[in-house]
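Engineer: Structure: run31.pdb, PDB, C-alpha atoms.
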```
MODEL        1
ATOM      1  CA  MET C 200       1.757  -5.808 -11.991
ATOM      2  CA  VAL C 201      -0.535  -4.506  -9.277
ATOM      3  CA  SER C 202      -3.521  -2.163  -9.351
ATOM      4  CA  ILE C 203      -3.432   0.603  -6.736
ATOM      5  CA  VAL C 204      -6.886   2.030  -6.003
ATOM      6  CA  ILE C 205      -7.092   5.398  -4.245
ATOM      7  CA  SER C 206     -10.435   6.919  -3.259
ATOM      8  CA  VAL C 207     -10.266  10.641  -2.507
ATOM      9  CA  TYR C 208     -12.616  13.255  -1.114
ATOM     10  CA  ASN C 209     -11.499  16.843  -0.533
ATOM     11  CA  GLU C 210      -7.791  15.982  -0.461
ATOM     12  CA  ARG C 211      -6.481  18.795  -2.650
ATOM     13  CA  LYS C 212      -3.710  19.589  -0.148
ATOM     14  CA  THR C 213      -2.317  16.054  -0.221
ATOM     15  CA  ILE C 214      -3.336  14.468  -3.530
ATOM     16  CA  GLU C 215      -0.319  15.599  -5.554
ATOM     17  CA  THR C 216       2.100  14.375  -2.882
ATOM     18  CA  ILE C 217       0.496  10.949  -2.494
ATOM     19  CA  VAL C 218       0.230  10.402  -6.261
ATOM     20  CA  CYS C 219       3.927  11.140  -6.705
ATOM     21  CA  SER C 220       4.839   8.987  -3.698
ATOM     22  CA  VAL C 221       2.903   6.052  -5.138
ATOM     23  CA  GLN C 222       4.371   6.449  -8.603
ATOM     24  CA  ASN C 223       7.900   6.644  -7.243
ATOM     25  CA  GLU C 224       7.658   3.198  -5.642
ATOM     26  CA  GLU C 225       9.599   0.741  -7.775
ATOM     27  CA  ILE C 226       6.946  -1.850  -8.520
ATOM     28  CA  PRO C 227       5.147  -2.434 -11.849
ATOM     29  CA  LYS C 228       1.725  -0.914 -11.317
ATOM     30  CA  GLU C 229      -1.323   0.872 -12.572
ATOM     31  CA  LEU C 230      -2.824   3.700 -10.542
ATOM     32  CA  ILE C 231      -6.586   4.253 -10.367
ATOM     33  CA  ILE C 232      -7.770   7.373  -8.548
ATOM     34  CA  VAL C 233     -11.479   7.894  -7.845
ATOM     35  CA  ASP C 234     -12.608  11.343  -6.734
ATOM     36  CA  ASP C 235     -15.899  11.057  -4.858
ATOM     37  CA  GLY C 236     -17.406  14.441  -5.643
ATOM     38  CA  SER C 237     -14.800  16.662  -3.970
ATOM     39  CA  THR C 238     -15.637  20.358  -3.588
ATOM     40  CA  ASP C 239     -12.102  21.661  -2.955
ATOM     41  CA  GLY C 240     -10.641  21.283  -6.446
ATOM     42  CA  THR C 241      -9.325  17.733  -6.046
ATOM     43  CA  GLY C 242     -11.350  16.426  -8.989
ATOM     44  CA  GLU C 243     -10.362  19.290 -11.241
ATOM     45  CA  TRP C 244      -6.679  18.740 -10.485
ATOM     46  CA  LEU C 245      -6.972  15.033 -11.234
ATOM     47  CA  LEU C 246      -8.850  15.497 -14.495
ATOM     48  CA  GLU C 247      -6.437  18.161 -15.673
ATOM     49  CA  ARG C 248      -3.508  15.784 -15.305
ATOM     50  CA  PHE C 249      -4.876  12.247 -15.379
ATOM     51  CA  GLY C 250      -8.327  12.476 -16.913
ATOM     52  CA  GLN C 251      -7.506   9.759 -19.378
ATOM     53  CA  ASP C 252      -5.147   6.801 -19.559
ATOM     54  CA  LEU C 253      -1.547   7.995 -19.713
ATOM     55  CA  SER C 254       1.237   6.098 -21.419
ATOM     56  CA  ASP C 255       3.462   9.066 -22.259
ATOM     57  CA  GLU C 256       6.628   8.745 -20.151
ATOM     58  CA  GLU C 257       7.446  12.429 -20.498
ATOM     59  CA  GLU C 258       4.047  13.537 -19.221
ATOM     60  CA  ILE C 259       4.218  11.393 -16.078
ATOM     61  CA  GLN C 260       7.821  12.351 -15.332
ATOM     62  CA  LYS C 261       6.826  15.993 -15.579
ATOM     63  CA  GLU C 262       4.524  15.455 -12.609
ATOM     64  CA  CYS C 263       6.634  13.132 -10.451
ATOM     65  CA  GLY C 264      10.257  13.575 -11.437
ATOM     66  CA  GLU C 265      12.885  11.347 -12.964
ATOM     67  CA  SER C 266      12.960   8.845 -10.093
ATOM     68  CA  ARG C 267       9.490   7.380 -10.687
ATOM     69  CA  ALA C 268       9.240   3.683 -11.523
ATOM     70  CA  ASP C 269       7.408   2.201 -14.477
ATOM     71  CA  CYS C 270       3.699   2.930 -14.340
ATOM     72  CA  SER C 271       1.768   1.538 -17.274
ATOM     73  CA  ARG C 272      -1.508   3.321 -16.609
ATOM     74  CA  VAL C 273      -2.840   6.239 -14.600
ATOM     75  CA  LEU C 274      -6.606   6.641 -14.631
ATOM     76  CA  ALA C 275      -8.565   9.372 -12.857
ATOM     77  CA  LEU C 276     -12.315   8.950 -12.426
ATOM     78  CA  THR C 277     -14.740  11.395 -10.827
ATOM     79  CA  HIS C 278     -18.188  11.132  -9.290
ATOM     80  CA  GLN C 279     -20.300  14.235  -9.863
ATOM     81  CA  HIS C 280     -21.691  13.968  -6.343
ATOM     82  CA  ASN C 281     -20.366  12.510  -3.110
ATOM     83  CA  GLN C 282     -21.612   8.924  -2.879
ATOM     84  CA  GLY C 283     -19.458   7.469  -0.107
ATOM     85  CA  LYS C 284     -16.109   5.750   0.191
ATOM     86  CA  GLY C 285     -17.638   2.347  -0.513
ATOM     87  CA  ILE C 286     -18.967   3.450  -3.894
ATOM     88  CA  ALA C 287     -15.649   5.101  -4.747
ATOM     89  CA  LEU C 288     -13.726   1.925  -3.946
ATOM     90  CA  LYS C 289     -16.114  -0.196  -5.984
ATOM     91  CA  THR C 290     -15.661   2.164  -8.929
ATOM     92  CA  GLY C 291     -11.918   1.672  -8.603
ATOM     93  CA  PHE C 292     -12.231  -2.113  -8.317
ATOM     94  CA  LEU C 293     -14.322  -2.233 -11.498
ATOM     95  CA  HIS C 294     -11.566  -0.484 -13.461
ATOM     96  CA  ALA C 295      -8.639  -2.396 -11.954
ATOM     97  CA  ARG C 296      -7.024  -4.781 -14.436
ATOM     98  CA  GLU C 297      -4.238  -6.493 -12.520
ATOM     99  CA  ARG C 298      -4.106  -9.719 -10.479
ATOM    100  CA  ILE C 299      -3.340  -7.984  -7.176
ATOM    101  CA  ILE C 300      -5.196  -4.904  -5.909
ATOM    102  CA  ILE C 301      -3.923  -2.523  -3.215
ATOM    103  CA  VAL C 302      -6.267  -0.105  -1.437
ATOM    104  CA  GLN C 303      -4.390   3.119  -0.616
ATOM    105  CA  ASP C 304      -5.702   6.091   1.380
ATOM    106  CA  ALA C 305      -4.916   9.577   0.077
ATOM    107  CA  ASP C 306      -4.307  11.435   3.337
ATOM    108  CA  LEU C 307      -0.545  10.809   3.775
ATOM    109  CA  GLU C 308      -1.044   8.779   6.961
ATOM    110  CA  TYR C 309       0.076   5.593   5.173
ATOM    111  CA  SER C 310       3.417   5.265   3.377
ATOM    112  CA  PRO C 311       3.730   3.614  -0.060
ATOM    113  CA  GLU C 312       7.161   2.458   1.126
ATOM    114  CA  ASP C 313       5.279  -0.417   2.797
ATOM    115  CA  TYR C 314       4.090  -1.879  -0.544
ATOM    116  CA  HIS C 315       6.752  -4.585  -0.721
ATOM    117  CA  ARG C 316       5.939  -5.784   2.792
ATOM    118  CA  LEU C 317       2.210  -5.794   2.032
ATOM    119  CA  LEU C 318       2.602  -7.666  -1.245
ATOM    120  CA  GLU C 319       4.999 -10.371  -0.073
ATOM    121  CA  PRO C 320       2.398 -12.749   1.499
ATOM    122  CA  VAL C 321       0.267 -12.630  -1.677
ATOM    123  CA  ILE C 322       3.175 -12.968  -4.103
ATOM    124  CA  THR C 323       4.464 -16.012  -2.203
ATOM    125  CA  ASP C 324       0.902 -17.417  -2.009
ATOM    126  CA  ARG C 325       0.801 -17.448   1.779
ATOM    127  CA  ALA C 326      -2.351 -15.314   1.812
ATOM    128  CA  ASP C 327      -5.204 -14.124  -0.386
ATOM    129  CA  VAL C 328      -5.822 -10.942   1.612
ATOM    130  CA  VAL C 329      -3.308  -8.824   3.540
ATOM    131  CA  TYR C 330      -4.111  -6.119   6.088
ATOM    132  CA  GLY C 331      -1.451  -3.620   7.103
ATOM    133  CA  SER C 332      -1.612  -3.300  10.884
ATOM    134  CA  ARG C 333      -0.691  -0.029  12.531
ATOM    135  CA  PHE C 334      -0.533  -1.793  15.889
ATOM    136  CA  LEU C 335       2.071  -4.310  14.734
ATOM    137  CA  GLY C 336       4.245  -1.579  13.257
ATOM    138  CA  ALA C 337       5.547   1.783  14.436
ATOM    139  CA  TRP C 338       3.821   5.122  14.208
ATOM    140  CA  LYS C 339       4.860   8.705  14.748
ATOM    141  CA  GLY C 340       2.647  11.213  16.481
ATOM    142  CA  ASN C 341      -0.198  10.484  18.871
ATOM    143  CA  TRP C 342      -3.376   8.453  18.528
ATOM    144  CA  LEU C 343      -6.526  10.090  19.814
ATOM    145  CA  LEU C 344      -7.927   7.979  22.628
ATOM    146  CA  VAL C 345     -11.422   7.824  21.134
ATOM    147  CA  SER C 346     -10.029   6.592  17.809
ATOM    148  CA  TYR C 347      -7.714   4.063  19.445
ATOM    149  CA  LEU C 348     -10.410   2.593  21.694
ATOM    150  CA  GLY C 349     -13.001   2.576  18.925
ATOM    151  CA  ASN C 350     -10.678   0.619  16.651
ATOM    152  CA  LYS C 351      -9.861  -1.874  19.394
ATOM    153  CA  ILE C 352     -13.529  -2.445  20.250
ATOM    154  CA  PHE C 353     -14.667  -3.010  16.678
ATOM    155  CA  THR C 354     -11.643  -5.145  15.874
ATOM    156  CA  ALA C 355     -12.517  -7.365  18.841
ATOM    157  CA  LEU C 356     -16.154  -7.593  17.727
ATOM    158  CA  THR C 357     -15.095  -8.445  14.182
ATOM    159  CA  ASN C 358     -12.731 -11.144  15.394
ATOM    160  CA  ALA C 359     -15.460 -12.597  17.591
ATOM    161  CA  ALA C 360     -17.901 -12.636  14.686
ATOM    162  CA  THR C 361     -15.517 -14.129  12.132
ATOM    163  CA  GLY C 362     -12.945 -16.207  13.971
ATOM    164  CA  LEU C 363     -10.148 -14.050  12.543
ATOM    165  CA  SER C 364      -7.286 -12.751  14.687
ATOM    166  CA  LEU C 365      -6.873  -9.210  13.393
ATOM    167  CA  THR C 366      -5.314  -6.344  15.318
ATOM    168  CA  ASP C 367      -6.469  -3.464  13.081
ATOM    169  CA  VAL C 368      -9.769  -3.923  11.243
ATOM    170  CA  TRP C 369      -9.946  -0.239  10.214
ATOM    171  CA  THR C 370      -6.553  -0.089   8.549
ATOM    172  CA  GLY C 371      -6.377   1.979   5.386
ATOM    173  CA  TYR C 372      -3.994  -0.521   3.775
ATOM    174  CA  LYS C 373      -5.518  -3.694   2.354
ATOM    175  CA  VAL C 374      -4.323  -6.015  -0.427
ATOM    176  CA  PHE C 375      -6.574  -8.452  -2.304
ATOM    177  CA  LYS C 376      -6.113 -11.028  -4.988
ATOM    178  CA  ARG C 377      -8.453 -10.149  -7.828
ATOM    179  CA  GLU C 378     -10.397 -13.398  -7.434
ATOM    180  CA  VAL C 379     -11.275 -12.472  -3.847
ATOM    181  CA  LEU C 380     -13.075  -9.301  -4.903
ATOM    182  CA  GLN C 381     -14.725 -11.156  -7.772
ATOM    183  CA  ASP C 382     -15.991 -13.767  -5.317
ATOM    184  CA  ILE C 383     -17.847 -11.435  -2.949
ATOM    185  CA  SER C 384     -20.822  -9.159  -3.558
ATOM    186  CA  LEU C 385     -20.255  -5.762  -1.958
ATOM    187  CA  GLU C 386     -23.337  -3.798  -0.978
ATOM    188  CA  GLU C 387     -22.341  -0.971   1.357
ATOM    189  CA  SER C 388     -21.813   2.562   0.046
ATOM    190  CA  GLY C 389     -19.920   4.314   2.828
ATOM    191  CA  PHE C 390     -17.136   3.520   5.262
ATOM    192  CA  GLU C 391     -19.151   0.456   6.266
ATOM    193  CA  LEU C 392     -17.711  -1.249   3.205
ATOM    194  CA  GLU C 393     -14.427  -1.642   5.102
ATOM    195  CA  LEU C 394     -16.166  -3.885   7.622
ATOM    196  CA  GLU C 395     -18.248  -5.623   4.970
ATOM    197  CA  LEU C 396     -15.073  -6.610   3.118
ATOM    198  CA  THR C 397     -13.651  -8.254   6.233
ATOM    199  CA  LEU C 398     -16.835 -10.129   7.084
ATOM    200  CA  LYS C 399     -17.390 -11.444   3.582
ATOM    201  CA  VAL C 400     -13.761 -12.422   3.077
ATOM    202  CA  ALA C 401     -14.050 -14.467   6.270
ATOM    203  CA  GLN C 402     -17.377 -15.902   5.130
ATOM    204  CA  ARG C 403     -15.768 -17.254   1.967
ATOM    205  CA  ASP C 404     -12.775 -18.690   3.849
ATOM    206  CA  TRP C 405     -10.130 -16.678   2.032
ATOM    207  CA  ARG C 406      -6.735 -16.670   3.751
ATOM    208  CA  VAL C 407      -6.161 -13.412   5.652
ATOM    209  CA  THR C 408      -2.940 -12.245   7.271
ATOM    210  CA  GLU C 409      -1.540  -9.024   8.712
ATOM    211  CA  VAL C 410       1.843  -7.344   8.323
ATOM    212  CA  PRO C 411       3.225  -4.364  10.277
ATOM    213  CA  ILE C 412       3.120  -0.964   8.597
ATOM    214  CA  SER C 413       4.258   2.534   9.499
ATOM    215  CA  TYR C 414       1.647   5.136  10.386
ATOM    216  CA  LEU C 415       1.660   8.917  10.793
ATOM    217  CA  PRO C 416      -1.666  10.236  12.163
ATOM    218  CA  ARG C 417      -2.607  13.638  10.814
ATOM    219  CA  SER C 418      -3.035  16.425  13.332
ATOM    220  CA  LYS C 419      -5.799  19.019  13.414
ATOM    221  CA  ALA C 420      -3.366  21.521  11.907
ATOM    222  CA  GLU C 421      -2.848  19.147   8.992
ATOM    223  CA  GLY C 422      -6.554  18.928   8.289
ATOM    224  CA  LYS C 423      -7.984  16.176  10.473
ATOM    225  CA  ASN C 424      -9.659  16.579  13.842
ATOM    226  CA  TRP C 425     -11.026  14.076  16.344
ATOM    227  CA  LEU C 426     -14.556  14.296  14.953
ATOM    228  CA  GLU C 427     -13.302  13.274  11.514
ATOM    229  CA  ARG C 428     -11.453  10.339  13.026
ATOM    230  CA  TRP C 429     -14.485   9.150  14.944
ATOM    231  CA  ASP C 430     -17.111  10.018  12.344
ATOM    232  CA  PRO C 431     -17.945   8.400  10.015
ATOM    233  CA  VAL C 432     -15.740   5.347  10.580
ATOM    234  CA  HIS C 433     -16.594   4.351  14.126
ATOM    235  CA  GLN C 434     -20.035   5.957  14.239
ATOM    236  CA  ASN C 435     -21.051   4.010  11.138
ATOM    237  CA  SER C 436     -19.565   0.901  12.692
ATOM    238  CA  VAL C 437     -22.180   1.098  15.431
ATOM    239  CA  SER C 438     -24.888   1.088  12.768
ATOM    240  CA  VAL C 439     -23.301  -1.836  10.950
ATOM    241  CA  PHE C 440     -22.965  -3.956  14.059
ATOM    242  CA  ALA C 441     -26.557  -3.125  14.976
ATOM    243  CA  HIS C 442     -27.502  -4.729  11.654
ATOM    244  CA  LEU C 443     -25.375  -7.741  12.545
ATOM    245  CA  ILE C 444     -27.168  -8.230  15.827
ATOM    246  CA  THR C 445     -30.744  -7.543  14.735
ATOM    247  CA  ARG C 446     -30.938  -9.104  11.265
ATOM    248  CA  ARG C 447     -30.653 -12.591   9.872
ATOM    249  CA  MET C 448     -26.986 -13.154   9.095
ATOM    250  CA  ALA C 449     -25.097 -14.382   6.039
ATOM    251  CA  PHE C 450     -22.621 -16.771   7.684
ATOM    252  CA  PRO C 451     -22.457 -18.580  11.035
ATOM    253  CA  VAL C 452     -20.915 -16.561  13.813
ATOM    254  CA  SER C 453     -17.881 -17.940  15.597
ATOM    255  CA  HIS C 454     -18.080 -19.950  18.811
ATOM    256  CA  THR C 455     -16.643 -16.983  20.730
ATOM    257  CA  PHE C 456     -19.362 -14.641  19.512
ATOM    258  CA  ARG C 457     -22.065 -17.145  20.451
ATOM    259  CA  LEU C 458     -20.648 -17.309  23.961
ATOM    260  CA  TYR C 459     -20.837 -13.544  24.320
ATOM    261  CA  GLY C 460     -24.172 -13.030  22.642
ATOM    262  CA  ASN C 461     -25.971 -16.371  22.681
ATOM    263  CA  PHE C 462     -26.851 -15.978  19.002
ATOM    264  CA  ASN C 463     -26.734 -19.684  18.158
ATOM    265  CA  ASP C 464     -29.278 -19.415  15.353
ATOM    266  CA  GLN C 465     -28.170 -16.081  13.939
ATOM    267  CA  ARG C 466     -26.291 -15.584  10.698
ATOM    268  CA  ILE C 467     -24.376 -12.456   9.712
ATOM    269  CA  LEU C 468     -25.547 -10.177   6.902
ATOM    270  CA  ILE C 469     -24.371  -6.690   6.104
ATOM    271  CA  ALA C 470     -27.511  -4.693   5.453
ATOM    272  CA  GLY C 471     -27.656  -2.301   2.527
ATOM    273  CA  ASP C 472     -29.173  -1.677  -0.859
ATOM    274  CA  LEU C 473     -27.694  -3.866  -3.591
ATOM    275  CA  LEU C 474     -25.622  -1.736  -5.933
ATOM    276  CA  GLU C 475     -25.091  -2.957  -9.472
TER     277      GLU C 475
ENDMDL
END
```
Before anything else, please render the file you have as structure tokens.
Structural biologist:
Amino acid sequence: MVSIVISVYNERKTIETIVCSVQNEEIPKELIIVDDGSTDGTGEWLLERFGQDLSDEEEIQKECGESRADCSRVLALTHQHNQGKGIALKTGFLHARERIIIVQDADLEYSPEDYHRLLEPVITDRADVVYGSRFLGAWKGNWLLVSYLGNKIFTALTNAATGLSLTDVWTGYKVFKREVLQDISLEESGFELELELTLKVAQRDWRVTEVPISYLPRSKAEGKNWLERWDPVHQNSVSVFAHLITRRMAFPVSHTFRLYGNFNDQRILIAGDLLE
């Protein structure tokens, strides 16, 4: 069994499709969907259908058709106000019950058909954390240059700071063993949590690997423009890395990062208010 955590914000156009796509994947799973204060009807749709635990086979098949695989639990949770992707993910993590946790975006850019590939390194105990890399796999459509370069820059900075060898730090597909998330204290509330996860996983010496995934960038016509791709992910990254440079840090930086920045006495700490 795996727990699939989906954080959503104003994804009414895509939420029904992604929920059915996830449920139709033939793996034993529970699905936890956290709506972070959407204003477009996403939360209302979720609560109408999944506002409580569902175990009725007929009810779930009515939504997703006869082909869906076994899904023991579907739980929809809503925040009354938008609190940030980090808070939404932490809400999902708190309610996840299974040994392996998959983080799934809700915008149809990532395919649930990649689940088996993502899970294999954890199931075979070759890794504790798996990132799905868009750069190792194939994608359809075009990357915006600002998004592509921003990802490459921050991936390089993250690798330098941690000693990891990632190709895609901002991937929307991540898999964790439950004990990994139990071992780290997450503090960030927004998209910065994505970077915090990577830094703290590296700090605790958990085994991280990447696998190739498919990727279909959304176009402006489909509801995403270049500003959304740059902001908040990469814009917030600048703020996070400013914290890394200017504040006392929580784990020693790698030799490579010291060569670039001469921060021999610095230690890395993600700044942010502690959230219980």
Engineer: List the residues matched by the PyMOL selection byres ((chain C and resi 213) around 10) in the displayed structure as a PDB file with C-alpha atoms, in the coordinates of the input, ordered by chain and then by residue number.
Structural biologist:
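As written to disk, selection_34.pdb reads:
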```
ATOM      1  CA  VAL C 207     -10.266  10.641  -2.507  1.00  0.00           C
ATOM      2  CA  ASN C 209     -11.499  16.843  -0.533  1.00  0.00           C
ATOM      3  CA  GLU C 210      -7.791  15.982  -0.461  1.00  0.00           C
ATOM      4  CA  ARG C 211      -6.481  18.795  -2.650  1.00  0.00           C
ATOM      5  CA  LYS C 212      -3.710  19.589  -0.148  1.00  0.00           C
ATOM      6  CA  ILE C 214      -3.336  14.468  -3.530  1.00  0.00           C
ATOM      7  CA  GLU C 215      -0.319  15.599  -5.554  1.00  0.00           C
ATOM      8  CA  THR C 216       2.100  14.375  -2.882  1.00  0.00           C
ATOM      9  CA  ILE C 217       0.496  10.949  -2.494  1.00  0.00           C
ATOM     10  CA  VAL C 218       0.230  10.402  -6.261  1.00  0.00           C
ATOM     11  CA  THR C 241      -9.325  17.733  -6.046  1.00  0.00           C
ATOM     12  CA  ALA C 305      -4.916   9.577   0.077  1.00  0.00           C
ATOM     13  CA  ASP C 306      -4.307  11.435   3.337  1.00  0.00           C
ATOM     14  CA  LEU C 307      -0.545  10.809   3.775  1.00  0.00           C
ATOM     15  CA  GLU C 421      -2.848  19.147   8.992  1.00  0.00           C
ATOM     16  CA  GLY C 422      -6.554  18.928   8.289  1.00  0.00           C
TER      17      GLY C 422
END
```
Engineer: Evaluating the PyMOL selection byres ((chain C and resi 281) around 12) on the displayed file yields which residues, as a JSON list (two decimals) with C-alpha atoms, in the coordinates of the input?
Structural biologist:
```
[["chain", "number", "residue", "atom", "x", "y", "z"],
["C", 206, "SER", "CA", -10.44, 6.92, -3.26],
["C", 207, "VAL", "CA", -10.27, 10.64, -2.51],
["C", 208, "TYR", "CA", -12.62, 13.26, -1.11],
["C", 209, "ASN", "CA", -11.50, 16.84, -0.53],
["C", 233, "VAL", "CA", -11.48, 7.89, -7.84],
["C", 234, "ASP", "CA", -12.61, 11.34, -6.73],
["C", 235, "ASP", "CA", -15.90, 11.06, -4.86],
["C", 236, "GLY", "CA", -17.41, 14.44, -5.64],
["C", 237, "SER", "CA", -14.80, 16.66, -3.97],
["C", 238, "THR", "CA", -15.64, 20.36, -3.59],
["C", 242, "GLY", "CA", -11.35, 16.43, -8.99],
["C", 277, "THR", "CA", -14.74, 11.40, -10.83],
["C", 278, "HIS", "CA", -18.19, 11.13, -9.29],
["C", 279, "GLN", "CA", -20.30, 14.24, -9.86],
["C", 280, "HIS", "CA", -21.69, 13.97, -6.34],
["C", 282, "GLN", "CA", -21.61, 8.92, -2.88],
["C", 283, "GLY", "CA", -19.46, 7.47, -0.11],
["C", 284, "LYS", "CA", -16.11, 5.75, 0.19],
["C", 285, "GLY", "CA", -17.64, 2.35, -0.51],
["C", 286, "ILE", "CA", -18.97, 3.45, -3.89],
["C", 287, "ALA", "CA", -15.65, 5.10, -4.75],
["C", 388, "SER", "CA", -21.81, 2.56, 0.05],
["C", 389, "GLY", "CA", -19.92, 4.31, 2.83]]
```
Engineer: For the file shown, what are the residues hit by the PyMOL selection byres ((chain C and resi 395) around 9), laid out as a list of chain:residue names?
Structural biologist: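 Matching residues under the PyMOL selection byres ((chain C and resi 395) around 9) are C:Leu385, C:Glu386, C:Glu387, C:Glu391, C:Leu392, C:Glu393, C:Leu394, C:Leu396, C:Thr397, C:Leu398, C:Lys399, C:Val400, C:Val439, C:Leu468, C:Ile469.
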Engineer: For C:Gly371, find every residue with an atom within 8 Å (counting only C-alpha atoms), except residues of its own chain fewer than 6 positions away, and show them as a list in words.
Structural biologist: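 After dropping sequence-adjacent residues, the list is Val302, Gln303, Asp304, Tyr309 and Gly331 of chain C.
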Engineer: As a ChimeraX atom specification, please: the residues near C:Ala355 (cut-off 9 Å, only C-alpha atoms, same-chain neighbours under 3 positions excluded).
Structural biologist: /C:350-352,358-360,364-366,368
Engineer: Have a look at atom CA of C:Leu317 and atom CA of C:Val204 and let me know their distance in Å, one decimal.
Structural biologist: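 Calculated distance between atom CA of C:Leu317 and atom CA of C:Val204 is 14.4 Å.
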Engineer: What does the distance from atom CA of C:Gly291 to atom CA of C:Leu380 come to in Å, to one decimal?
Structural biologist: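 Going from atom CA of C:Gly291 over to atom CA of C:Leu380 covers 11.6 Å.
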Engineer: Using only C-alpha atoms, collect all residues at a distance of at most 9 Å from (-8.0, -11.7, 1.7) as written in the file, then present them as a list in words.
Structural biologist: Val321, Ala326, Asp327, Val328, Val329, Tyr330, Lys373, Val374, Phe375, Lys376, Val379, Leu380, Leu396, Thr397, Val400, Ala401, Asp404, Trp405, Arg406, Val407 and Thr408 of chain C
Engineer: Do you know which residues lie at most 10 Å from (-13.7, -1.7, 18.9), with coordinates as in the file and only C-alpha atoms counted, and could you write them as JSON, numbers by chain?
Structural biologist: {"C": [346, 347, 348, 349, 350, 351, 352, 353, 354, 355, 356, 357, 367, 368, 369, 433, 436, 437]}
Engineer: Go ahead and dump the residues you just picked, C-alpha atoms, as a PDB file, keeping the file's coordinate frame.
Structural biologist:
```pdb
ATOM      1  CA  SER C 346     -10.029   6.592  17.809  1.00  0.00           C
ATOM      2  CA  TYR C 347      -7.714   4.063  19.445  1.00  0.00           C
ATOM      3  CA  LEU C 348     -10.410   2.593  21.694  1.00  0.00           C
ATOM      4  CA  GLY C 349     -13.001   2.576  18.925  1.00  0.00           C
ATOM      5  CA  ASN C 350     -10.678   0.619  16.651  1.00  0.00           C
ATOM      6  CA  LYS C 351      -9.861  -1.874  19.394  1.00  0.00           C
ATOM      7  CA  ILE C 352     -13.529  -2.445  20.250  1.00  0.00           C
ATOM      8  CA  PHE C 353     -14.667  -3.010  16.678  1.00  0.00           C
ATOM      9  CA  THR C 354     -11.643  -5.145  15.874  1.00  0.00           C
ATOM     10  CA  ALA C 355     -12.517  -7.365  18.841  1.00  0.00           C
ATOM     11  CA  LEU C 356     -16.154  -7.593  17.727  1.00  0.00           C
ATOM     12  CA  THR C 357     -15.095  -8.445  14.182  1.00  0.00           C
ATOM     13  CA  ASP C 367      -6.469  -3.464  13.081  1.00  0.00           C
ATOM     14  CA  VAL C 368      -9.769  -3.923  11.243  1.00  0.00           C
ATOM     15  CA  TRP C 369      -9.946  -0.239  10.214  1.00  0.00           C
ATOM     16  CA  HIS C 433     -16.594   4.351  14.126  1.00  0.00           C
ATOM     17  CA  SER C 436     -19.565   0.901  12.692  1.00  0.00           C
ATOM     18  CA  VAL C 437     -22.180   1.098  15.431  1.00  0.00           C
TER      19      VAL C 437
END
```
Engineer: At what distance in Å, to one decimal, does atom CA of C:Ser310 lie from atom CA of C:Ser413?
Structural biologist: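 So the two atoms, atom CA of C:Ser413 and atom CA of C:Ser310, lie 6.8 Å apart.
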Engineer: Would you please work out which residue, of C:Arg377, C:Ile301, C:Gly240, C:Arg272, is nearest to C:Asp313 when using all atoms listed in the file?
Structural biologist: C:Ile301
